[in-house]
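Student: Coordinates in entry-v6.cif, mmCIF, C-alpha atoms, are listed below.
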```cif
data_my_file
#
loop_
_atom_site.label_atom_id
_atom_site.label_comp_id
_atom_site.auth_asym_id
_atom_site.auth_seq_id
_atom_site.Cartn_x
_atom_site.Cartn_y
_atom_site.Cartn_z
CA MET A 782 132.73 92.91 114.76
CA PRO A 783 131.27 95.77 116.84
CA LYS A 784 127.74 96.83 116.14
CA THR A 785 127.38 99.93 113.97
CA THR A 786 125.22 102.71 115.34
CA VAL A 787 123.34 104.84 112.83
CA SER A 788 122.03 108.16 114.07
CA SER A 789 118.49 109.07 113.03
CA ILE A 790 116.04 111.90 113.52
CA ASP A 791 112.36 112.19 114.37
CA PRO A 792 110.37 112.64 111.10
CA SER A 793 108.21 115.31 112.78
CA SER A 794 111.32 117.51 113.12
CA LEU A 795 111.87 117.71 109.35
CA SER A 796 111.14 121.01 107.61
CA ARG A 797 108.56 121.14 104.82
CA ARG A 798 111.39 121.48 102.30
CA ASP A 799 113.25 118.43 103.62
CA THR A 800 110.02 116.43 103.66
CA ILE A 801 109.26 117.30 100.02
CA ILE A 802 112.82 116.42 98.96
CA SER A 803 112.57 113.10 100.81
CA ILE A 804 109.23 112.27 99.17
CA PHE A 805 110.71 113.11 95.76
CA ILE A 806 113.71 110.81 96.28
CA ILE A 807 111.55 107.95 97.59
CA GLY A 808 109.28 108.51 94.57
CA ILE A 809 112.27 107.84 92.31
CA LEU A 810 112.85 104.60 94.19
CA PHE A 811 109.25 103.53 93.73
CA PHE A 812 109.54 104.26 90.00
CA ILE A 813 112.49 101.87 89.85
CA PHE A 814 110.59 99.28 91.91
CA GLY A 815 107.75 99.44 89.41
CA PHE A 816 109.87 99.27 86.28
CA VAL A 817 111.84 96.24 87.46
CA SER A 818 108.80 94.45 88.91
CA TRP A 819 106.19 94.93 86.21
CA VAL A 820 108.47 94.01 83.33
CA ASN A 821 107.63 90.46 84.45
CA ALA A 822 104.28 90.88 82.69
CA ILE A 823 106.07 90.65 79.34
CA LEU A 824 108.86 88.32 80.52
CA ILE A 825 106.34 85.57 81.34
CA PRO A 826 104.94 85.10 77.79
CA TYR A 827 108.37 85.91 76.31
CA PHE A 828 110.15 83.16 78.26
CA LYS A 829 107.23 80.79 77.62
CA ILE A 830 107.96 81.03 73.89
CA ALA A 831 111.75 81.34 73.96
CA CYS A 832 112.36 78.61 76.56
CA GLU A 833 109.44 76.38 75.44
CA LEU A 834 107.61 76.32 78.77
CA THR A 835 104.20 75.25 80.04
CA GLY A 836 101.91 77.86 81.62
CA PHE A 837 102.88 76.66 85.09
CA GLN A 838 106.61 76.82 84.30
CA SER A 839 106.33 80.32 82.82
CA TYR A 840 104.81 81.66 86.06
CA LEU A 841 107.97 80.57 87.88
CA VAL A 842 109.20 83.98 86.70
CA ALA A 843 106.92 85.62 89.26
CA PHE A 844 107.65 82.90 91.83
CA ALA A 845 111.45 83.28 91.65
CA PHE A 846 111.20 87.06 91.76
CA TYR A 847 108.77 87.41 94.66
CA ILE A 848 109.67 84.43 96.85
CA SER A 849 112.83 86.41 97.67
CA TYR A 850 110.61 88.77 99.70
CA PHE A 851 109.62 85.90 101.98
CA VAL A 852 113.20 84.67 102.34
CA MET A 853 114.94 88.02 102.69
CA SER A 854 112.55 90.44 104.43
CA ILE A 855 113.63 89.70 108.02
CA PRO A 856 117.35 89.69 107.08
CA SER A 857 116.68 92.98 105.27
CA SER A 858 115.32 94.60 108.43
CA LEU A 859 118.40 93.44 110.36
CA LEU A 860 120.68 94.80 107.63
CA LEU A 861 118.91 98.17 107.66
CA LYS A 862 119.10 98.36 111.44
CA ARG A 863 122.84 97.89 111.19
CA THR A 864 123.61 100.06 108.17
CA GLY A 865 120.84 102.67 108.21
CA PHE A 866 118.48 103.42 105.35
CA LYS A 867 120.84 105.03 102.86
CA LYS A 868 123.71 102.56 102.97
CA GLY A 869 121.25 99.66 103.13
CA MET A 870 119.41 100.92 100.05
CA MET A 871 122.72 101.28 98.20
CA ILE A 872 123.44 97.61 98.96
CA GLY A 873 119.94 96.73 97.74
CA PHE A 874 120.52 98.48 94.41
CA TRP A 875 123.88 96.76 93.95
CA ILE A 876 122.34 93.33 94.59
CA MET A 877 119.68 94.14 91.99
CA ALA A 878 122.43 95.12 89.54
CA ALA A 879 124.13 91.75 90.10
CA GLY A 880 120.83 90.02 89.32
CA ALA A 881 120.48 91.97 86.06
CA PHE A 882 124.00 90.95 85.01
CA ILE A 883 123.13 87.27 85.63
CA PHE A 884 120.75 87.57 82.66
CA VAL A 885 123.78 87.72 80.34
CA PRO A 886 125.04 84.13 80.81
CA ALA A 887 121.45 82.94 81.12
CA ALA A 888 120.65 84.35 77.68
CA MET A 889 123.88 83.06 76.13
CA PHE A 890 122.92 79.48 77.01
CA ARG A 891 119.11 79.88 77.00
CA ALA A 892 119.17 78.53 80.55
CA TYR A 893 115.81 79.15 82.20
CA PRO A 894 117.01 78.14 85.72
CA VAL A 895 119.77 80.75 85.48
CA PHE A 896 117.19 83.37 84.49
CA LEU A 897 115.24 82.40 87.60
CA LEU A 898 118.41 82.85 89.70
CA GLY A 899 118.81 86.34 88.24
CA LEU A 900 115.20 87.17 89.03
CA PHE A 901 115.59 85.89 92.60
CA THR A 902 118.70 88.06 93.03
CA ILE A 903 116.90 91.14 91.70
CA GLY A 904 114.03 90.40 94.07
CA THR A 905 116.48 90.08 96.98
CA GLY A 906 117.80 93.58 96.38
CA LEU A 907 114.29 94.88 95.93
CA SER A 908 113.19 93.36 99.25
CA ILE A 909 115.83 95.46 101.01
CA LEU A 910 114.61 98.60 99.25
CA GLN A 911 110.94 97.85 99.95
CA THR A 912 111.64 97.11 103.62
CA ALA A 913 113.29 100.52 103.88
CA ALA A 914 111.03 102.66 101.71
CA ASN A 915 107.54 101.60 102.82
CA PRO A 916 107.77 102.37 106.57
CA TYR A 917 109.82 105.45 105.67
CA ILE A 918 107.05 106.98 103.54
CA THR A 919 104.35 105.81 105.97
CA VAL A 920 105.75 107.84 108.90
CA LEU A 921 107.00 110.79 106.82
CA GLY A 922 104.13 113.10 107.76
CA ALA A 923 100.66 113.05 109.32
CA LYS A 924 99.15 109.57 109.78
CA GLU A 925 95.78 110.56 108.30
CA ARG A 926 97.51 111.62 105.07
CA ALA A 927 99.53 108.42 104.71
CA VAL A 928 97.22 107.24 101.91
CA GLN A 929 98.07 110.37 99.92
CA ARG A 930 101.82 109.81 100.26
CA ILE A 931 101.51 106.12 99.47
CA SER A 932 99.25 106.93 96.51
CA ILE A 933 101.91 109.29 95.14
CA MET A 934 104.42 106.44 95.47
CA GLY A 935 101.91 104.17 93.76
CA ILE A 936 101.64 106.56 90.83
CA CYS A 937 105.43 106.46 90.47
CA ASN A 938 105.41 102.66 90.78
CA LYS A 939 102.55 101.95 88.40
CA GLY A 940 103.58 104.70 85.99
CA ALA A 941 106.84 102.81 85.56
CA GLY A 942 104.76 99.65 85.27
CA ILE A 943 102.88 101.12 82.30
CA LEU A 944 106.16 101.94 80.58
CA ALA A 945 108.06 98.75 81.44
CA PRO A 946 106.19 96.18 79.26
CA LEU A 947 105.94 98.67 76.38
CA VAL A 948 109.62 99.66 76.51
CA PHE A 949 110.78 96.09 76.97
CA ALA A 950 108.56 94.87 74.12
CA ALA A 951 109.81 97.69 71.87
CA VAL A 952 113.42 96.72 72.59
CA ILE A 953 113.22 92.93 72.26
CA LEU A 954 110.25 92.29 69.95
CA LYS A 955 110.11 92.94 66.22
CA ALA A 956 107.18 93.39 63.85
CA THR A 957 108.16 90.13 62.12
CA ASP A 958 107.97 88.12 65.35
CA THR A 959 104.29 87.33 64.86
CA ASP A 960 105.23 85.42 61.70
CA LEU A 961 108.15 83.80 63.56
CA PHE A 962 105.88 82.53 66.33
CA VAL A 963 103.52 81.03 63.72
CA ARG A 964 106.37 79.24 61.92
CA LEU A 965 108.07 77.83 65.04
CA PRO A 966 106.01 74.59 65.30
CA GLY A 967 106.88 73.67 61.70
CA MET A 968 110.64 74.22 62.02
CA THR A 969 113.19 71.46 62.29
CA ALA A 970 114.88 71.00 65.68
CA VAL A 971 118.04 72.78 64.50
CA GLU A 972 116.14 75.70 62.96
CA LYS A 973 114.00 76.10 66.07
CA THR A 974 117.05 76.08 68.36
CA GLU A 975 118.78 78.76 66.29
CA ALA A 976 115.64 80.91 66.15
CA LEU A 977 114.97 80.64 69.90
CA ASP A 978 118.63 81.27 70.80
CA ALA A 979 118.56 84.45 68.72
CA LEU A 980 115.25 85.47 70.32
CA ILE A 981 116.39 85.04 73.92
CA ARG A 982 119.73 86.80 73.37
CA ARG A 983 117.90 90.04 72.66
CA VAL A 984 117.69 90.60 76.45
CA ILE A 985 121.48 90.82 76.87
CA VAL A 986 122.03 94.48 75.99
CA PRO A 987 118.91 95.77 77.82
CA TYR A 988 119.84 94.00 81.05
CA ILE A 989 123.46 95.14 80.88
CA CYS A 990 122.07 98.68 80.71
CA VAL A 991 119.64 97.98 83.56
CA GLY A 992 122.47 96.62 85.73
CA ALA A 993 124.64 99.68 85.09
CA VAL A 994 121.77 102.06 85.92
CA LEU A 995 120.98 100.19 89.15
CA PHE A 996 124.61 100.35 90.24
CA CYS A 997 124.69 104.12 89.68
CA LEU A 998 121.38 104.58 91.52
CA GLY A 999 122.93 102.90 94.54
CA LEU A 1000 125.66 105.54 94.58
CA PHE A 1001 123.06 108.28 94.09
CA VAL A 1002 120.99 107.21 97.10
CA ARG A 1003 124.05 106.76 99.30
CA HIS A 1004 125.15 110.35 98.67
CA SER A 1005 121.68 111.93 98.41
CA PRO A 1006 120.26 114.40 100.98
CA LEU A 1007 117.76 111.75 102.13
CA PRO A 1008 117.74 111.97 105.95
CA GLU A 1009 118.07 108.98 108.27
CA ILE A 1010 114.74 109.11 110.11
CA ASN A 1011 113.54 107.23 113.15
CA THR A 1012 110.64 104.99 112.11
CA GLU A 1013 110.40 103.36 115.55
CA ARG A 1014 109.67 106.36 117.77
CA GLU A 1015 107.37 105.77 120.74
CA THR A 1016 105.37 108.21 122.80
CA ARG A 1017 105.36 107.71 126.56
CA ASP A 1018 101.87 106.16 126.46
CA LEU A 1019 102.83 103.89 123.55
CA ALA A 1020 106.00 102.78 125.32
CA LEU A 1021 103.94 101.84 128.39
CA SER A 1022 101.36 100.03 126.24
CA ASN A 1023 104.06 97.98 124.51
CA SER A 1024 106.20 97.39 127.60
CA SER A 1025 104.93 93.84 128.02
CA LYS A 1026 105.36 92.98 124.34
CA THR A 1027 108.31 90.74 123.50
CA SER A 1028 107.40 89.50 120.02
CA ILE A 1029 105.96 90.84 116.81
CA LEU A 1030 103.47 87.94 116.97
CA GLN A 1031 101.73 89.72 119.86
CA PHE A 1032 100.21 92.20 117.38
CA PRO A 1033 97.33 90.26 115.73
CA TYR A 1034 96.30 93.11 113.46
CA LEU A 1035 99.83 93.21 112.01
CA ILE A 1036 99.82 89.48 111.21
CA LEU A 1037 96.33 89.75 109.73
CA GLY A 1038 97.55 92.74 107.72
CA ALA A 1039 100.51 90.72 106.40
CA ILE A 1040 98.09 88.01 105.24
CA GLY A 1041 96.08 90.80 103.61
CA ILE A 1042 99.21 92.06 101.82
CA PHE A 1043 99.93 88.49 100.66
CA LEU A 1044 96.48 88.16 99.11
CA HIS A 1045 96.32 91.74 97.82
CA VAL A 1046 99.58 91.61 95.88
CA GLY A 1047 98.58 88.19 94.59
CA THR A 1048 95.38 89.62 93.12
CA GLN A 1049 97.33 92.55 91.72
CA VAL A 1050 100.01 90.49 89.98
CA ILE A 1051 97.42 88.05 88.58
CA ALA A 1052 95.46 90.94 87.08
CA ILE A 1053 98.60 92.28 85.40
CA ASP A 1054 100.82 89.29 84.63
CA THR A 1055 98.09 86.97 83.29
CA ILE A 1056 96.17 89.39 81.11
CA ILE A 1057 98.39 88.95 78.04
CA GLY A 1058 97.86 85.19 78.19
CA TYR A 1059 94.12 85.69 78.72
CA ALA A 1060 94.00 87.98 75.69
CA GLY A 1061 95.71 85.19 73.75
CA THR A 1062 92.72 82.92 74.40
CA MET A 1063 90.62 85.50 72.54
CA GLY A 1064 92.78 85.33 69.44
CA LEU A 1065 95.19 88.22 70.11
CA SER A 1066 98.90 87.75 69.44
CA LEU A 1067 101.64 88.77 71.88
CA ILE A 1068 102.31 91.87 69.79
CA GLU A 1069 98.62 92.87 69.89
CA ALA A 1070 98.11 92.06 73.58
CA LYS A 1071 101.27 93.69 74.95
CA ALA A 1072 99.40 96.88 75.96
CA PHE A 1073 96.87 95.21 78.27
CA PRO A 1074 99.10 95.25 81.39
CA SER A 1075 99.48 98.98 80.82
CA TYR A 1076 95.69 99.40 80.71
CA THR A 1077 95.39 97.63 84.06
CA LEU A 1078 98.12 99.79 85.56
CA PHE A 1079 96.47 102.92 84.13
CA ALA A 1080 93.29 101.94 85.99
CA THR A 1081 95.38 101.61 89.15
CA ILE A 1082 96.91 105.05 88.67
CA THR A 1083 93.43 106.49 88.14
CA GLY A 1084 92.51 105.08 91.54
CA TYR A 1085 95.59 106.69 93.09
CA PHE A 1086 94.61 110.11 91.74
CA ILE A 1087 91.09 109.65 93.08
CA GLY A 1088 92.58 108.72 96.48
CA ILE A 1089 94.80 111.81 96.54
CA ALA A 1090 91.80 114.01 95.69
CA ILE A 1091 89.23 112.64 98.16
CA VAL A 1092 91.17 111.08 101.08
CA PRO A 1093 90.94 112.32 103.83
CA ARG A 1094 89.04 115.42 102.67
CA TYR A 1095 85.81 113.62 101.76
CA ILE A 1096 86.23 110.02 102.89
CA SER A 1097 88.57 108.25 105.31
CA GLN A 1098 91.40 105.86 104.40
CA LEU A 1099 89.33 103.08 105.92
CA THR A 1100 86.27 103.82 103.79
CA ALA A 1101 88.42 103.83 100.66
CA LEU A 1102 89.89 100.45 101.66
CA ARG A 1103 86.43 98.96 102.21
CA PHE A 1104 85.13 100.23 98.86
CA CYS A 1105 88.12 98.87 96.92
CA THR A 1106 87.99 95.40 98.49
CA ILE A 1107 84.24 95.06 97.82
CA LEU A 1108 84.73 96.30 94.25
CA GLY A 1109 87.39 93.65 93.69
CA ALA A 1110 85.03 90.88 94.78
CA VAL A 1111 82.26 92.20 92.49
CA LEU A 1112 84.57 92.46 89.47
CA THR A 1113 85.83 88.91 90.03
CA VAL A 1114 82.27 87.59 89.90
CA CYS A 1115 81.75 89.57 86.67
CA ILE A 1116 84.90 88.03 85.11
CA LEU A 1117 83.58 84.55 85.81
CA LEU A 1118 79.93 85.02 84.88
CA VAL A 1119 79.51 87.88 82.37
CA LYS A 1120 80.12 86.95 78.72
CA ASP A 1121 79.68 89.25 75.73
CA LYS A 1122 81.75 90.25 72.71
CA THR A 1123 82.88 93.89 72.67
CA ASN A 1124 84.88 96.21 70.45
CA VAL A 1125 86.80 98.62 72.70
CA LEU A 1126 89.94 100.51 71.60
CA GLY A 1127 89.95 98.38 68.46
CA TYR A 1128 90.09 95.05 70.30
CA HIS A 1129 87.41 92.46 69.41
CA VAL A 1130 87.43 90.57 72.71
CA ASP A 1131 85.15 89.23 75.42
CA ILE A 1132 84.01 91.87 77.91
CA SER A 1133 85.51 89.87 80.78
CA ILE A 1134 89.01 91.06 79.90
CA TRP A 1135 87.93 94.64 80.66
CA PHE A 1136 86.78 93.52 84.10
CA VAL A 1137 90.32 92.21 84.59
CA VAL A 1138 91.60 95.65 83.57
CA LEU A 1139 89.26 97.29 86.10
CA LEU A 1140 90.77 95.16 88.86
CA GLY A 1141 93.55 97.74 88.65
CA LEU A 1142 91.10 100.31 90.00
CA ALA A 1143 89.91 97.96 92.76
CA ASN A 1144 93.49 97.25 93.82
CA SER A 1145 94.63 100.87 93.82
CA LEU A 1146 94.04 101.91 97.45
CA VAL A 1147 94.28 98.52 99.19
CA TRP A 1148 98.04 98.68 99.83
CA ALA A 1149 97.77 102.26 101.05
CA GLY A 1150 94.90 101.29 103.33
CA ILE A 1151 96.54 98.25 104.92
CA TRP A 1152 99.97 99.70 105.75
CA PRO A 1153 98.95 102.46 108.21
CA LEU A 1154 96.43 100.16 109.92
CA ALA A 1155 98.94 97.32 110.29
CA LEU A 1156 101.85 99.50 111.52
CA GLU A 1157 99.81 101.61 113.95
CA GLY A 1158 101.13 101.48 117.50
CA LEU A 1159 104.09 99.16 116.83
CA GLY A 1160 106.65 101.63 118.17
CA ARG A 1161 110.03 99.92 118.53
CA PHE A 1162 108.66 96.94 116.58
CA THR A 1163 107.94 99.04 113.47
CA ARG A 1164 110.96 98.00 111.39
CA VAL A 1165 110.45 94.30 112.05
CA GLY A 1166 106.71 94.77 111.52
CA ALA A 1167 107.40 96.37 108.15
CA SER A 1168 109.58 93.40 107.20
CA VAL A 1169 106.70 91.05 108.11
CA LEU A 1170 104.42 93.03 105.80
CA ILE A 1171 107.05 92.90 103.06
CA MET A 1172 107.17 89.12 103.50
CA GLY A 1173 103.56 89.21 102.37
CA LEU A 1174 104.81 90.21 98.93
CA CYS A 1175 105.61 86.54 98.35
CA GLY A 1176 101.91 86.36 97.44
CA ASN A 1177 103.19 87.57 94.08
CA ALA A 1178 105.14 84.31 93.89
CA VAL A 1179 102.46 81.88 95.03
CA MET A 1180 99.24 83.22 93.52
CA PRO A 1181 100.33 83.28 89.83
CA LEU A 1182 101.50 79.66 90.17
CA LEU A 1183 98.11 78.72 91.58
CA TYR A 1184 96.44 80.59 88.75
CA GLY A 1185 98.68 78.88 86.16
CA TYR A 1186 98.01 75.43 87.63
CA ILE A 1187 94.23 75.92 87.54
CA ALA A 1188 94.45 77.43 84.04
CA ASP A 1189 96.31 74.34 82.80
CA LEU A 1190 93.64 72.09 84.35
CA PHE A 1191 90.58 74.08 83.27
CA SER A 1192 90.87 77.44 81.50
CA GLU A 1193 92.40 80.88 81.94
CA ARG A 1194 88.96 82.34 82.61
CA GLN A 1195 87.99 79.81 85.29
CA ALA A 1196 91.39 80.27 86.96
CA TYR A 1197 90.37 83.81 87.94
CA ALA A 1198 88.16 82.16 90.58
CA VAL A 1199 91.25 82.15 92.84
CA LEU A 1200 90.73 85.90 93.27
CA LEU A 1201 87.36 85.66 95.00
CA PRO A 1202 88.49 84.25 98.40
CA CYS A 1203 91.35 86.76 98.36
CA TYR A 1204 89.01 89.74 98.05
CA LEU A 1205 86.62 88.30 100.63
CA TYR A 1206 89.47 88.10 103.16
CA LEU A 1207 90.43 91.68 102.36
CA VAL A 1208 86.85 92.74 103.00
CA PHE A 1209 87.09 90.99 106.40
CA PHE A 1210 90.32 92.82 107.28
CA ALA A 1211 88.83 96.17 106.25
CA MET A 1212 85.68 95.56 108.28
CA ARG A 1213 87.04 93.87 111.39
CA GLY A 1214 90.55 92.42 111.16
CA TYR A 1215 92.41 95.70 111.66
CA ARG A 1216 90.72 96.17 115.07
CA ILE A 1217 91.82 92.84 116.58
CA ARG A 1218 94.36 93.65 119.31
CA LYS A 1219 94.46 90.27 121.11
CA TRP A 1220 94.43 86.68 119.94
CA ARG A 1221 91.42 84.73 121.15
#
```
Write the structure described by the file as structure tokens, please.

Tutor:
Amino acid sequence: MPKTTVSSIDPSSLSRRDTIISIFIIGILFFIFGFVSWVNAILIPYFKIACELTGFQSYLVAFAFYISYFVMSIPSSLLLKRTGFKKGMMIGFWIMAAGAFIFVPAAMFRAYPVFLLGLFTIGTGLSILQTAANPYITVLGAKERAVQRISIMGICNKGAGILAPLVFAAVILKATDTDLFVRLPGMTAVEKTEALDALIRRVIVPYICVGAVLFCLGLFVRHSPLPEINTERETRDLALSNSSKTSILQFPYLILGAIGIFLHVGTQVIAIDTIIGYAGTMGLSLIEAKAFPSYTLFATITGYFIGIAIVPRYISQLTALRFCTILGAVLTVCILLVKDKTNVLGYHVDISIWFVVLLGLANSLVWAGIWPLALEGLGRFTRVGASVLIMGLCGNAVMPLLYGYIADLFSERQAYAVLLPCYLYLVFFAMRGYRIRKWR
């Protein structure tokens, strides 16, 4: 089959109107990314109850969803190079829709492995969309304002993340479920099977609706005014500088940035996806604790607004990255060491859970800080470089499993120790790693 050529334009040639329209459309995409991704925060405890799982097994939800980024990121970049952004993103949405529809037979038979297949499929489609959207928004304007554009995308993403657990919980959970969860251990095997089958089948209608919406969004993007832009443009000097480069591995700062993304998203998903379980150790039920992921995401959005207001007007992107990584390390130490009962927003809980919430603030500008630093100067390697960074999203798959394993061995609180080496590495990247241009 002959290779398809997709014409593209230089992003600097776009008018202000076209740039604003493009940012708006990509913002819609990031909202969808967030809604589909952060619903896992409620799926994990939900599946743990309905499918009778251990803590480790329940975190396979995050593993199945995010390991697809590692498997599919490079193929995604090749697909996008062949099809262009718009057609490639349509394919990504349609793959996500197929994953949502897989939830129907999975729920009918309460088959956890089939749920994991559906999550992997959704993640596969999302990896295509992320591989397209992140470099797109990074180059869509002045480099020094990339953190502002990425922060706007983050607001869309995390805003959806605030809504997702609440909407999903409102749709599938009932006020009487607290009593149901209490009675489950005392039920006979037949009664428990019937109760859990009825519980898990509540996801059927919501995911049919999600699949239909995703299919329609694919058509919308394909026929939208979103321009095909050239993310791999090279100046004459850059072309000469990269003339001897033959592999993406010859850019150390990119590889170090990908490791940073791996650890950053791992810290982010742990702060959000484990907080309901951590609240459970303090005596809160699933119904009572369902809002905590939204609190963490609200802290993240607050950080985005701060970034939009002060970067680069008052501080640089780099300074913001350094502050956030150091703050994350400090908050992790506080989670592990500071103990005191508090009454905040009506919750009688240990103060450490609010340090977990504040990790949302620490994580807010890390992604936006790493991407421009890691993609700088890649030129014709930009699309493949972006796919390498997207591969780092598999940290969302690995880190929760590590957390769950340690939590099963020790405690949920002690398991947060896995965050400390992650933040220390991010501090290293922000201080020195981004400047390394040659392997030594």

Student: Rank nothing, just name the residue among A:Gly1166, A:Gly1047, A:Pro1074, A:Gly1185 nearest to Leu834 (chain A), using only C-alpha atoms.

Tutor: A:Gly1185

Student: Carefully work through the PyMOL selection byres ((chain A and resi 952-958) around 8) for this structure and note down the residues it includes, as a PDB file with C-alpha atoms, in the frame of the given file.

Tutor:
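After the write, result_13.pdb holds the following:
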```
ATOM      1  CA  VAL A 948     109.620  99.660  76.510  1.00  0.00           C
ATOM      2  CA  PHE A 949     110.780  96.090  76.970  1.00  0.00           C
ATOM      3  CA  ALA A 950     108.560  94.870  74.120  1.00  0.00           C
ATOM      4  CA  ALA A 951     109.810  97.690  71.870  1.00  0.00           C
ATOM      5  CA  THR A 959     104.290  87.330  64.860  1.00  0.00           C
ATOM      6  CA  ASP A 960     105.230  85.420  61.700  1.00  0.00           C
ATOM      7  CA  LEU A 961     108.150  83.800  63.560  1.00  0.00           C
ATOM      8  CA  PHE A 962     105.880  82.530  66.330  1.00  0.00           C
ATOM      9  CA  LEU A 980     115.250  85.470  70.320  1.00  0.00           C
ATOM     10  CA  ARG A 983     117.900  90.040  72.660  1.00  0.00           C
ATOM     11  CA  VAL A 984     117.690  90.600  76.450  1.00  0.00           C
ATOM     12  CA  PRO A 987     118.910  95.770  77.820  1.00  0.00           C
ATOM     13  CA  ILE A1068     102.310  91.870  69.790  1.00  0.00           C
TER      14      ILE A1068
END
```

Student: Please evaluate the PyMOL selection byres ((chain A and resi 817) around 12) against the displayed coordinates and give the resulting residues as a PyMOL selection string.

Tutor: chain A and resi 810-816+818-824+843+846-847+874+877-878+880-881+900+903-904+906-907+938-946+948-949+987-988+991-992+994-995

Student: What does the PyMOL selection byres ((chain A and resi 1111) around 12) select in this file, as a compact mmCIF listing (two decimals) with C-alpha atoms, in the coordinates of the input?

Tutor:
```
# COMPACT_ATOMS: atom_id res chain seq x y z
CA PHE A 1104 85.13 100.23 98.86
CA CYS A 1105 88.12 98.87 96.92
CA THR A 1106 87.99 95.40 98.49
CA ILE A 1107 84.24 95.06 97.82
CA LEU A 1108 84.73 96.30 94.25
CA GLY A 1109 87.39 93.65 93.69
CA ALA A 1110 85.03 90.88 94.78
CA LEU A 1112 84.57 92.46 89.47
CA THR A 1113 85.83 88.91 90.03
CA VAL A 1114 82.27 87.59 89.90
CA CYS A 1115 81.75 89.57 86.67
CA ILE A 1116 84.90 88.03 85.11
CA LEU A 1117 83.58 84.55 85.81
CA LEU A 1118 79.93 85.02 84.88
CA VAL A 1119 79.51 87.88 82.37
CA PHE A 1136 86.78 93.52 84.10
CA VAL A 1137 90.32 92.21 84.59
CA LEU A 1139 89.26 97.29 86.10
CA LEU A 1140 90.77 95.16 88.86
CA ALA A 1143 89.91 97.96 92.76
CA ALA A 1198 88.16 82.16 90.58
CA LEU A 1200 90.73 85.90 93.27
CA LEU A 1201 87.36 85.66 95.00
CA PRO A 1202 88.49 84.25 98.40
CA TYR A 1204 89.01 89.74 98.05
CA LEU A 1205 86.62 88.30 100.63
CA VAL A 1208 86.85 92.74 103.00
```

Student: With a distance cut-off of 9 Å and all atoms listed in the file, select the neighbouring residues of Ile804 (chain A), excluding the residue or stretch itself and same-chain residues fewer than 5 positions from it, and output the selection as a list in words.

Tutor: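 Here the answer would be Asp799, Ile809, Ile918, Leu921, Arg930, Ile933 and Met934 of chain A.
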
Student: Find, counting all atoms listed in the file, the residue in A:Pro1006, A:Ile989, A:Gly808, A:Thr864 that gets nearest to Val885 (chain A).

Tutor: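 For Val885 (chain A), the nearest of the candidates is A:Ile989.
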
Student: How many Å separate CA of Val928 (chain A) from CA of Ala1149 (chain A)?

Tutor: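 We find that CA of Val928 (chain A) and CA of Ala1149 (chain A) lie 5.1 Å from each other.
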
Student: What gap, in Å, lies between CA of Leu1099 (chain A) and CA of Gly1150 (chain A)?

Tutor: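 Computing it gives 6.4 Å between the two atoms.
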
Student: So which one's closest to Ala1060 (chain A), A:Ala1155, A:Val1138, A:Ile807, A:Ile1091? Using only C-alpha atoms, please.

Tutor: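 Among the listed residues, the smallest separation from Ala1060 (chain A) belongs to A:Val1138.
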
Student: For Leu1000 (chain A), which residue out of A:Met870, A:Ala1211, A:Leu1183, A:Ile802 is the nearest one, using only C-alpha atoms?

Tutor: A:Met870

Student: Calculated over all atoms listed in the file, which of the candidates A:Ile1087, A:Ile936, A:Val1050, A:Ile1040 has the smallest distance to Leu1182 (chain A)?

Tutor: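 So, comparing all the options, the nearest one is A:Val1050.
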
Student: Taking only C-alpha atoms into account, name the residue in A:Gly935, A:Gly999, A:Gly1041, A:Gly1176 that is nearest to Gly1084 (chain A).

Tutor: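 Once distances to Gly1084 (chain A) are computed over only C-alpha atoms, the minimum belongs to A:Gly935.
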
Student: From the structure block, carefully write region 915-927 of chain A out with C-alpha atoms; format it as an mmCIF file, in the first residue's frame.

Tutor:
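Heads up, here's the output in result.cif:
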```cif
data_model
loop_
_atom_site.group_PDB
_atom_site.id
_atom_site.type_symbol
_atom_site.label_atom_id
_atom_site.label_comp_id
_atom_site.auth_asym_id
_atom_site.auth_seq_id
_atom_site.Cartn_x
_atom_site.Cartn_y
_atom_site.Cartn_z
ATOM 1 C CA ASN A 915 0.373 17.019 23.724
ATOM 2 C CA PRO A 916 2.997 18.011 21.118
ATOM 3 C CA TYR A 917 0.239 19.856 19.243
ATOM 4 C CA ILE A 918 -0.557 22.158 22.174
ATOM 5 C CA THR A 919 3.134 22.484 23.106
ATOM 6 C CA VAL A 920 4.106 24.041 19.745
ATOM 7 C CA LEU A 921 0.851 25.975 19.220
ATOM 8 C CA GLY A 922 2.309 29.349 20.194
ATOM 9 C CA ALA A 923 5.319 30.902 21.911
ATOM 10 C CA LYS A 924 7.583 28.431 23.742
ATOM 11 C CA GLU A 925 7.788 30.564 26.896
ATOM 12 C CA ARG A 926 3.990 30.467 27.206
ATOM 13 C CA ALA A 927 3.716 26.698 26.781
#
```
